[in-house]
Structures are given as structure tokens and as C-alpha cells.
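Peer 1: Once you've had a glance at the structure underneath, I'll fire off some questions.
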Amino acid sequence: MLPIARFATGLIMAIGVTLFPASSMLSAQEAADPHAIYESRCAQCHQPHAREFAKAALTLQDGIVTMRSSGAPLELFLDQHPRGLPRADAQALVTQFKAMLETGFLYQDKCVTCHDRASTLARLRLFERDGVIQGRYTYRDISTFLRNHGRLTAEEVDIIMKMFHRQSIPSAPR
Ligand code: HEC
Ligand code: HEC
């Protein structure tokens, strides 16, 4: 590498680390985005989206993501297949599949027409204060809000709230 280029890279890295620690943490999180992992590592041979794959191939047995075909845990299977998938990525995928199976695909069916992925909605628009989830800009109590939003039954509101509670929601400042 040319010295000037090396200097520039070093400078950019230094700026990144000193001025934007939060954004560099964010990109580390995004590296483990399970949708991106699925789309780059699995979709060329399987269904184009993780959700369709999960619907077709997976099921929950006693809280463990298992394969419909063999009944074996997905996590064990992924240790062998496909070769070279890092452990952390495999775990991110399994966690994501589990969340999908637990919500019965409700969020995908009733919310994604208007919203981002649940994880993005949670991260950008919600807050958690003493275990209660609120709108980040509206301060609404979300479990109350959802009774009249998104055409959910009362049971479905509970399912969606449980799903939001599993997401990483920022805490409200005090
Ligand atoms: C290079 C192609 C390829 C890639 C990439 C790939 N797979 Fe597969 N996968 C296969 C083949 C081929 C089978 C066996 C097909 C069959 O018997 O249904 C399979 C089978 C599976 C099965 C078992 C399905 C069943 O019903 O028994 C699972 C689960 C699975 N793959 C998950 C994944 C995941 C998750 C990824 C991404 C991390 C992935 N695969 C990436 C080719 C691939
Ligand atoms: C027809 C489009 C549409 C659908 C479908 C929809 N939403 Fe919304 N949602 C909106 C709009 C528009 C807003 C912002 C309006 C507002 O704040 O009053 C919003 C706001 C929200 C908020 C933020 C509330 C706040 O106070 O900041 C949450 C949480 C939410 N929706 C969850 C859901 C969930 C969960 C579903 C699926 C069950 C869903 N939405 C389905 C359009 C939709």
C-alpha cells in the first residue's frame, strides 16, 4: 500500500474509533444481522428469504428449533452445513428462526407492509422504561396502542409484545 493510502486508512480508522464509537458498535451488530447472513450464505441454495425457509423447513420442539424432516436440532445440523459458517452467525440465525416460529409469523403477515423489520422498528422507534415499552417519540404505552393498531386480536397483541421484549430496545434516559 502507498504510504499516503496507509496514512489515510489509519486516519479514517482513528476518526472512526475516537469520534464514532457508537456507530462502529452498530456496524458490528449489523454484521451479525441474521437476515443478511441468510441472504448471503443460504439463499443461493434455499428459499430467497429466511421467513419462507423457516416456514417450509423448521419447527419448534420444546423451545428448540428443529428440522421438520429429521427432527434434529438445527444448531447441530449447522455445525456441519454449510462448511465455514462462523458459530456466531449460526447462532444469530437460530435465534432469529426461533423468534419467527414463536410469533407464528404474525409480524411478517400483519406489519411488514407498513413497517421495517421488527428489530429495526424496536431499535429506532421504541424505548424501554422499567420493563414497559413506549414509543420513543410519542411516549405511548405500546401495548395499549396496539389494541387499536395493526388489526390485532388481544392474544396477538401479547404475542407481538413478547416479541418486542426479546428485541434489543434502548432504555429511556432518566
Ligand atoms: C451450496 C448450497 C447450499 C448452501 C449455501 C446452503 N445449503 Fe442448506 N442444503 C443444501 C442442500 C443441497 C441440502 C439438502 C437438500 C435436501 O435434502 O433437502 C440442504 C439442506 C439443508 C437443511 C435440511 C433441510 C431439511 O429439510 O432436512 C437445512 C436446515 C439447511 N440446509 C439450512 C441451511 C442454512 C441455514 C444455510 C445457510 C447458513 C444453508 N443451508 C446453506 C444446500 C445448501
Ligand atoms: C397500514 C399501515 C400499518 C400497518 C399494517 C401497521 N402499522 Fe404500525 N404504524 C403505522 C403508522 C403510519 C405509524 C405511525 C403513526 C403514529 O405514530 O400514529 C405506526 C406506528 C407504529 C408503532 C410506533 C408507535 C409510536 O408511538 O411510536 C408501532 C410500535 C407499530 N406501529 C407497530 C405495528 C405492529 C406491531 C403492526 C402489526 C401488527 C403494525 N404496526 C401494523 C402504520 C402501520
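The way I read the labels, and the way they are meant: chains A, B, ... in the order of the C-alpha cells, residue 1 as the first residue of every chain, and ligand 1 as the first ligand shown, with later ones counted on from there.
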Could you build a table of the residues in chain A lying no more than 9 Å from ligand 1, giving for each the nearest pair of atoms and their separation in Å rounded to one decimal place, using only C-alpha atoms and all ligand atoms, ordered by chain and ascending residue number, as JSON lines?
Peer 2:
```
{"residue": "A:Ile37", "atom": "CA", "partner": "ligand 1", "partner_atom_place_in_ligand_line": "38 (C)", "distance": 7.1}
{"residue": "A:Tyr38", "atom": "CA", "partner": "ligand 1", "partner_atom_place_in_ligand_line": "37 (C)", "distance": 5.6}
{"residue": "A:Glu39", "atom": "CA", "partner": "ligand 1", "partner_atom_place_in_ligand_line": "37 (C)", "distance": 8.1}
{"residue": "A:Ser40", "atom": "CA", "partner": "ligand 1", "partner_atom_place_in_ligand_line": "37 (C)", "distance": 8.0}
{"residue": "A:Arg41", "atom": "CA", "partner": "ligand 1", "partner_atom_place_in_ligand_line": "37 (C)", "distance": 4.7}
{"residue": "A:Cys42", "atom": "CA", "partner": "ligand 1", "partner_atom_place_in_ligand_line": "37 (C)", "distance": 3.4}
{"residue": "A:Ala43", "atom": "CA", "partner": "ligand 1", "partner_atom_place_in_ligand_line": "5 (C)", "distance": 6.8}
{"residue": "A:Gln44", "atom": "CA", "partner": "ligand 1", "partner_atom_place_in_ligand_line": "5 (C)", "distance": 6.0}
{"residue": "A:Cys45", "atom": "CA", "partner": "ligand 1", "partner_atom_place_in_ligand_line": "2 (C)", "distance": 4.4}
{"residue": "A:His46", "atom": "CA", "partner": "ligand 1", "partner_atom_place_in_ligand_line": "7 (N)", "distance": 6.3}
{"residue": "A:Ala50", "atom": "CA", "partner": "ligand 1", "partner_atom_place_in_ligand_line": "35 (C)", "distance": 8.3}
{"residue": "A:Phe53", "atom": "CA", "partner": "ligand 1", "partner_atom_place_in_ligand_line": "32 (C)", "distance": 8.3}
{"residue": "A:Ala54", "atom": "CA", "partner": "ligand 1", "partner_atom_place_in_ligand_line": "29 (C)", "distance": 8.6}
{"residue": "A:Ala56", "atom": "CA", "partner": "ligand 1", "partner_atom_place_in_ligand_line": "26 (O)", "distance": 7.9}
{"residue": "A:Ala57", "atom": "CA", "partner": "ligand 1", "partner_atom_place_in_ligand_line": "26 (O)", "distance": 4.9}
{"residue": "A:Leu58", "atom": "CA", "partner": "ligand 1", "partner_atom_place_in_ligand_line": "29 (C)", "distance": 7.2}
{"residue": "A:Thr66", "atom": "CA", "partner": "ligand 1", "partner_atom_place_in_ligand_line": "29 (C)", "distance": 8.2}
{"residue": "A:Met67", "atom": "CA", "partner": "ligand 1", "partner_atom_place_in_ligand_line": "26 (O)", "distance": 5.8}
{"residue": "A:Arg68", "atom": "CA", "partner": "ligand 1", "partner_atom_place_in_ligand_line": "26 (O)", "distance": 6.0}
{"residue": "A:Ser69", "atom": "CA", "partner": "ligand 1", "partner_atom_place_in_ligand_line": "26 (O)", "distance": 4.7}
{"residue": "A:Ser70", "atom": "CA", "partner": "ligand 1", "partner_atom_place_in_ligand_line": "27 (O)", "distance": 6.2}
{"residue": "A:Gly71", "atom": "CA", "partner": "ligand 1", "partner_atom_place_in_ligand_line": "27 (O)", "distance": 8.7}
{"residue": "A:Ala72", "atom": "CA", "partner": "ligand 1", "partner_atom_place_in_ligand_line": "27 (O)", "distance": 8.8}
{"residue": "A:Pro73", "atom": "CA", "partner": "ligand 1", "partner_atom_place_in_ligand_line": "29 (C)", "distance": 9.0}
{"residue": "A:Leu74", "atom": "CA", "partner": "ligand 1", "partner_atom_place_in_ligand_line": "29 (C)", "distance": 6.0}
{"residue": "A:Glu75", "atom": "CA", "partner": "ligand 1", "partner_atom_place_in_ligand_line": "29 (C)", "distance": 8.9}
{"residue": "A:Phe77", "atom": "CA", "partner": "ligand 1", "partner_atom_place_in_ligand_line": "29 (C)", "distance": 6.9}
{"residue": "A:Leu78", "atom": "CA", "partner": "ligand 1", "partner_atom_place_in_ligand_line": "35 (C)", "distance": 6.7}
{"residue": "A:His81", "atom": "CA", "partner": "ligand 1", "partner_atom_place_in_ligand_line": "40 (N)", "distance": 6.3}
{"residue": "A:Pro82", "atom": "CA", "partner": "ligand 1", "partner_atom_place_in_ligand_line": "41 (C)", "distance": 5.2}
{"residue": "A:Arg83", "atom": "CA", "partner": "ligand 1", "partner_atom_place_in_ligand_line": "41 (C)", "distance": 8.7}
{"residue": "A:Leu85", "atom": "CA", "partner": "ligand 1", "partner_atom_place_in_ligand_line": "38 (C)", "distance": 6.4}
{"residue": "A:Asp89", "atom": "CA", "partner": "ligand 1", "partner_atom_place_in_ligand_line": "38 (C)", "distance": 8.0}
{"residue": "A:Ala90", "atom": "CA", "partner": "ligand 1", "partner_atom_place_in_ligand_line": "38 (C)", "distance": 6.7}
{"residue": "A:Leu93", "atom": "CA", "partner": "ligand 1", "partner_atom_place_in_ligand_line": "35 (C)", "distance": 7.1}
{"residue": "A:Val94", "atom": "CA", "partner": "ligand 1", "partner_atom_place_in_ligand_line": "35 (C)", "distance": 8.2}
```
Peer 1: What residues of the protein or nucleic acid chains come within 12 Å of ligand 2 when you use only C-alpha atoms and all ligand atoms? Reply as a ChimeraX atom specification.
Peer 2: /A:103,105-128,133-165,169
Peer 1: Write out the residues from the selection above, keeping C-alpha atoms, as a compact mmCIF listing (two decimals), in the first residue's frame.
Peer 2:
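Saved result, out-v1.txt, follows:
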```txt
# COMPACT_ATOMS: atom_id res chain seq x y z
CA THR A 103 -44.56 -15.39 16.78
CA PHE A 105 -45.05 -15.19 11.51
CA LEU A 106 -47.59 -12.71 12.80
CA TYR A 107 -45.33 -9.69 12.38
CA GLN A 108 -44.47 -10.68 8.82
CA ASP A 109 -48.10 -11.22 7.95
CA LYS A 110 -49.62 -8.14 9.56
CA CYS A 111 -46.96 -5.47 10.00
CA VAL A 112 -44.24 -5.51 7.34
CA THR A 113 -46.47 -3.99 4.68
CA CYS A 114 -46.04 -0.70 6.52
CA HIS A 115 -43.01 -1.23 8.78
CA ASP A 116 -39.34 -2.22 8.76
CA ARG A 117 -38.21 -5.43 10.35
CA ALA A 118 -39.27 -5.73 13.97
CA SER A 119 -35.67 -5.37 15.16
CA THR A 120 -35.30 -2.07 13.31
CA LEU A 121 -38.64 -0.73 14.48
CA ALA A 122 -37.70 -1.66 18.05
CA ARG A 123 -34.27 -0.07 17.84
CA LEU A 124 -35.33 3.17 16.19
CA ARG A 125 -38.83 3.87 17.49
CA LEU A 126 -39.21 2.22 20.87
CA PHE A 127 -37.93 2.73 24.39
CA GLU A 128 -38.00 0.56 27.46
CA ILE A 133 -42.27 -0.47 26.18
CA GLN A 134 -43.05 3.03 24.97
CA GLY A 135 -42.94 4.99 21.73
CA ARG A 136 -39.61 6.76 21.59
CA TYR A 137 -41.09 9.97 20.19
CA THR A 138 -44.70 9.60 21.27
CA TYR A 139 -44.24 8.21 24.82
CA ARG A 140 -47.20 5.98 24.07
CA ASP A 141 -47.66 2.79 26.00
CA ILE A 142 -47.23 0.41 23.08
CA SER A 143 -49.26 -2.48 24.47
CA THR A 144 -52.24 -0.10 24.74
CA PHE A 145 -51.54 1.45 21.35
CA LEU A 146 -51.53 -1.95 19.64
CA ARG A 147 -55.07 -2.72 20.75
CA ASN A 148 -56.23 -0.35 18.05
CA HIS A 149 -53.41 -0.66 15.57
CA GLY A 150 -52.48 -3.28 13.01
CA ARG A 151 -55.74 -5.27 13.36
CA LEU A 152 -54.54 -7.49 16.16
CA THR A 153 -56.67 -9.60 18.48
CA ALA A 154 -55.91 -9.28 22.20
CA GLU A 155 -53.94 -12.54 22.06
CA GLU A 156 -51.95 -11.32 19.11
CA VAL A 157 -51.08 -8.11 20.97
CA ASP A 158 -49.50 -10.31 23.66
CA ILE A 159 -47.52 -12.26 21.07
CA ILE A 160 -46.21 -9.07 19.46
CA MET A 161 -45.34 -7.53 22.84
CA LYS A 162 -43.38 -10.66 23.80
CA MET A 163 -41.55 -10.38 20.52
CA PHE A 164 -40.69 -6.71 21.17
CA HIS A 165 -39.46 -7.64 24.65
CA ILE A 169 -34.77 -1.90 22.78
```
Peer 1: Just want the 9 Å neighbourhood of Gln96 in chain A, counted on only C-alpha atoms, with same-chain residues fewer than 3 positions away dropped. Output as a PyMOL selection string.
Peer 2: chain A and resi 34-35+50+91-93+99-101
